[in-house]
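K.L.:
Okay, handing you the structure first.
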Amino acid sequence: MATDTHEATAGACVDGGGSAIGMPQLCADWIPNQIFWLVIALVALFYILSRVALPRIASVLAERSGTITNDLGAAEELKERATEAEAAYDKALADARAQANEIVAKAKADIQAELDVELSKADAEIAAKTAESEKAIGEIRDNALQSVADVAKDTAGEIVTALGGTVDQDAINAAVSARVGGGS
Amino acid sequence: MAGEASEEGGLVFHPLDQFIVKPLFGDGAISFYTLTNVTLWLAIAVLAAALVFVWGTSGRKIVPGRLQSVAESIYGFVYKMVEDVCGKDGIKYFPYIMTLFLFILFANYLALLPMSYSPTSMIAITAVLGFGVFIVVTVLGFVLNGPSFLGMFWMKDAPAVLRPIIAVIEVISYFVRPVSHSIRLAGNVMAGHAVIKVFAGFAALTLVSPVAILGITAIYGLEVLVAGIQAYVFTILTCVYLKDALHPHH
């Protein structure tokens, strides 16, 4: 019989079919068992929580808020440093620019001075060369005039000879000199 | 009764059978130390809570993982509740309140698993919790405040004529606290589970089974809410009672 298996558990709270008689919640036979195991469960849970879990979570939360505060502080400091670095960079840039301008101006002045010296030297050289050339040209011109006079005298003498005259060298010289000198 | 039901086509309702305490091994009588289904599910609740709160937080990560986030959220939730209701001097009772909350929360939710047992539906268990809180809070009130703890029942703001009447009402309501505290939890959990079983019994009838299954689903959804809300209600009432013991003159 099926009911036989339930015979053992059947009591004040369970009928022969294994069903509850009334509310199982109110069965006095079962209450000590529940209370006993509940107390053990609560004590176990309390020890697990208070000894391990809760201190651990508290320390993690404290550590996290500490880390966040530190990180914010570090970020603030880094930002300040970045601003400082930017200012330093700007200053360095301005300095470099000023220095560069100075160097450029100095180089310009140097070049100008050198240029002036060279120019004056060149001018002097040119003047010297010009004077020399003028002298050479004068000499050449004088020589040329002399040559013309000589050639004219000789030619005049020859022409007079050819015409059957007598050569009067002094007269010819005078005449040629008068003509050449007048012509020149 | 059983004979009639089987003649009507197997429509048998035993909505309360799920609460029967059975020994895990053998069929003997149940003495207080017998390992029973209650023991098993209490142990599972404690182990589940330990799993989340000890194993889940074992990484101690600054950026928490999933389980650690859950543990930390529950910790923060209960901590804030204790701090808001009881004030700064209530913080030292936080581990006790956390134990109560976690025990009820895990027991309630584990009871929603099919084939599970729901310890928080048993009045014996919730009465131990409720009367435990009541006794601890009352003793604490007298230890911390001495006889002036009784001033809690004597309303100095009320007209002199009404003060004795209010005192009587206050005393009665004070002693009703543990009863309502424990029956509220057990009643809510038991009723929900019993209603689900009743719907399950109707599901055997082909004609109404779609409605019955819909009913099971709806009540189950409701029970998911109830499981959390009742854990919260039990805990916040504990905080309120504790506040009365810490600051009786408010």
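Ligands are numbered from 1 in the order shown, chains are lettered A, B, ... in the order of the structure tokens, and residues start at 1 in each chain.
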Can you tell me which residues surround Lys92 (chain B) at a distance of at most 12 Å, considering only C-alpha atoms, apart from same-chain residues fewer than 3 positions away, and format the answer as an mmCIF file with N, CA, C and O atoms, in the first residue's frame?

P.N.:
data_model
loop_
_atom_site.group_PDB
_atom_site.id
_atom_site.type_symbol
_atom_site.label_atom_id
_atom_site.label_comp_id
_atom_site.auth_asym_id
_atom_site.auth_seq_id
_atom_site.Cartn_x
_atom_site.Cartn_y
_atom_site.Cartn_z
ATOM 1 N N SER A 50 30.784 39.606 9.434
ATOM 2 C CA SER A 50 31.481 40.576 10.284
ATOM 3 C C SER A 50 32.978 40.315 10.324
ATOM 4 O O SER A 50 33.753 41.230 10.547
ATOM 5 N N TYR B 79 23.983 50.132 4.486
ATOM 6 C CA TYR B 79 24.746 51.076 5.307
ATOM 7 C C TYR B 79 24.053 52.432 5.349
ATOM 8 O O TYR B 79 23.884 53.031 6.411
ATOM 9 N N VAL B 82 20.846 52.268 7.476
ATOM 10 C CA VAL B 82 21.132 52.305 8.917
ATOM 11 C C VAL B 82 21.533 53.728 9.322
ATOM 12 O O VAL B 82 21.047 54.270 10.324
ATOM 13 N N GLU B 83 22.375 54.354 8.530
ATOM 14 C CA GLU B 83 22.857 55.694 8.854
ATOM 15 C C GLU B 83 21.711 56.711 8.825
ATOM 16 O O GLU B 83 21.592 57.547 9.717
ATOM 17 N N CYS B 86 18.954 55.404 11.823
ATOM 18 C CA CYS B 86 19.421 55.328 13.214
ATOM 19 C C CYS B 86 20.397 56.441 13.562
ATOM 20 O O CYS B 86 20.657 56.674 14.732
ATOM 21 N N GLY B 87 20.980 57.086 12.568
ATOM 22 C CA GLY B 87 21.983 58.105 12.844
ATOM 23 C C GLY B 87 23.362 57.496 12.967
ATOM 24 O O GLY B 87 23.544 56.281 12.844
ATOM 25 N N LYS B 88 24.355 58.357 13.235
ATOM 26 C CA LYS B 88 25.757 57.916 13.260
ATOM 27 C C LYS B 88 26.007 56.847 14.324
ATOM 28 O O LYS B 88 26.816 55.946 14.123
ATOM 29 N N ASP B 89 25.323 56.971 15.493
ATOM 30 C CA ASP B 89 25.601 56.009 16.567
ATOM 31 C C ASP B 89 24.925 54.672 16.327
ATOM 32 O O ASP B 89 25.098 53.746 17.117
ATOM 33 N N PRO B 95 26.522 45.527 11.212
ATOM 34 C CA PRO B 95 26.713 44.111 10.844
ATOM 35 C C PRO B 95 25.510 43.229 11.192
ATOM 36 O O PRO B 95 25.164 42.325 10.436
ATOM 37 N N TYR B 96 24.841 43.517 12.310
ATOM 38 C CA TYR B 96 23.672 42.714 12.695
ATOM 39 C C TYR B 96 22.529 42.929 11.706
ATOM 40 O O TYR B 96 21.873 41.987 11.270
ATOM 41 N N ILE B 97 22.311 44.187 11.352
ATOM 42 C CA ILE B 97 21.216 44.499 10.428
ATOM 43 C C ILE B 97 21.525 43.944 9.045
ATOM 44 O O ILE B 97 20.652 43.422 8.349
ATOM 45 N N MET B 98 22.814 44.032 8.668
ATOM 46 C CA MET B 98 23.238 43.463 7.377
ATOM 47 C C MET B 98 22.982 41.952 7.362
ATOM 48 O O MET B 98 22.509 41.413 6.364
ATOM 49 N N LEU B 242 15.328 50.140 16.290
ATOM 50 C CA LEU B 242 16.643 50.396 16.875
ATOM 51 C C LEU B 242 16.804 51.883 17.180
ATOM 52 O O LEU B 242 17.352 52.271 18.220
ATOM 53 N N LEU B 246 17.836 53.845 20.601
ATOM 54 C CA LEU B 246 18.983 54.747 20.698
ATOM 55 C C LEU B 246 18.558 56.148 21.094
ATOM 56 O O LEU B 246 19.211 56.810 21.894
#

K.L.:
So that each row is one residue of chain A with an atom at most 7 Å from chain B, can you give its shortest atom pair and the distance in Å to one decimal, using only C-alpha atoms, rows by chain and rising number, as a tab-separated table?

P.N.:
residue	atom	partner	partner_atom	distance
A:Ala8	CA	B:Asp27	CA	6.2
A:Thr9	CA	B:Asp27	CA	5.9
A:Ser19	CA	B:Asp17	CA	5.8
A:Ala20	CA	B:Asp17	CA	5.4
A:Met23	CA	B:Leu16	CA	6.7
A:Pro24	CA	B:Ile20	CA	5.5
A:Gln25	CA	B:Met122	CA	5.2
A:Trp30	CA	B:Ile30	CA	6.6
A:Ile31	CA	B:Ala124	CA	5.9
A:Pro32	CA	B:Phe32	CA	4.9
A:Asn33	CA	B:Phe32	CA	3.7
A:Gln34	CA	B:Ile125	CA	6.4
A:Ile35	CA	B:Ile125	CA	6.1
A:Phe36	CA	B:Phe32	CA	6.2
A:Trp37	CA	B:Thr39	CA	5.8
A:Leu38	CA	B:Ile125	CA	6.7
A:Ala41	CA	B:Leu42	CA	6.3
A:Leu45	CA	B:Val46	CA	5.8
A:Phe46	CA	B:Thr99	CA	5.5
A:Ile48	CA	B:Ala50	CA	6.8
A:Ser50	CA	B:Pro95	CA	6.0
A:Val52	CA	B:Val54	CA	6.8
A:Ala53	CA	B:Val54	CA	5.3
A:Ile57	CA	B:Glu72	CA	6.7
A:Val60	CA	B:Arg60	CA	6.0
A:Arg64	CA	B:Ile62	CA	5.6

K.L.:
Which residues, written as a PyMOL selection string, have at least one atom at most 8 Å from region 172-179 of chain A, with only C-alpha atoms counted and residues fewer than 6 positions away on the same chain left out?

P.N.:
chain A and resi 149+152-153+156-157

K.L.:
If we count only C-alpha atoms, what is near Val168 (chain B) at a cut-off of 10 Å, once residues fewer than 5 positions away on the same chain are taken out, given as a count of residues only?

P.N.:
5

K.L.:
If you run DSSP on this backbone, which residues of region 83-243 of chain B come out as alpha helix (DSSP H), and could you give them as an MDAnalysis selection string?

P.N.:
chainID B and resid 83:86 94:110 123:145 162:202 209:243

K.L.:
Extract, using only C-alpha atoms, all DNA, RNA and protein residues at most 10 Å from Leu112 (chain B), discarding same-chain residues fewer than 2 positions from it, and format them as a list of chain:residue names.

P.N.:
B:Ala107, B:Asn108, B:Tyr109, B:Leu110, B:Pro114, B:Met115, B:Ser116, B:Tyr117, B:Ser118, B:Val189, B:Gly192, B:His193, B:Tyr220, B:Glu223, B:Val224, B:Ala227

K.L.:
Which residues are near Val179 (chain B)? Cut-off 8 Å, only C-alpha atoms, ignore same chain within fewer than 4 positions. Put them as a list in words.

P.N.:
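Contacts, in chain order: Ala127, Gly130, Phe131, Phe175 and Ile183 of chain B.
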
K.L.:
For C-alpha atoms, I'd like the residues from the last selection saved as a PDB file, in the first residue's frame.

P.N.:
ATOM      1  CA  ALA B 127       9.032  34.877  14.854  1.00  0.00           C
ATOM      2  CA  GLY B 130      10.954  39.376  14.895  1.00  0.00           C
ATOM      3  CA  PHE B 131      11.036  38.606  18.620  1.00  0.00           C
ATOM      4  CA  PHE B 175       4.178  44.877  22.151  1.00  0.00           C
ATOM      5  CA  ILE B 183       3.711  37.717  10.562  1.00  0.00           C
TER       6      ILE B 183
END

K.L.:
Calculated over only C-alpha atoms, which of the candidates A:Ala100, A:Ile40, A:Ala122, A:Cys13 has the smallest distance to Cys27 (chain A)?

P.N.:
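Checking each candidate against Cys27 (chain A), we get A:Cys13 as the closest.
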
K.L.:
Please compute the CA of Val208 (chain B)-CA of Asp15 (chain A) distance, one decimal, in Å.

P.N.:
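Going from CA of Val208 (chain B) over to CA of Asp15 (chain A) covers 29.5 Å.
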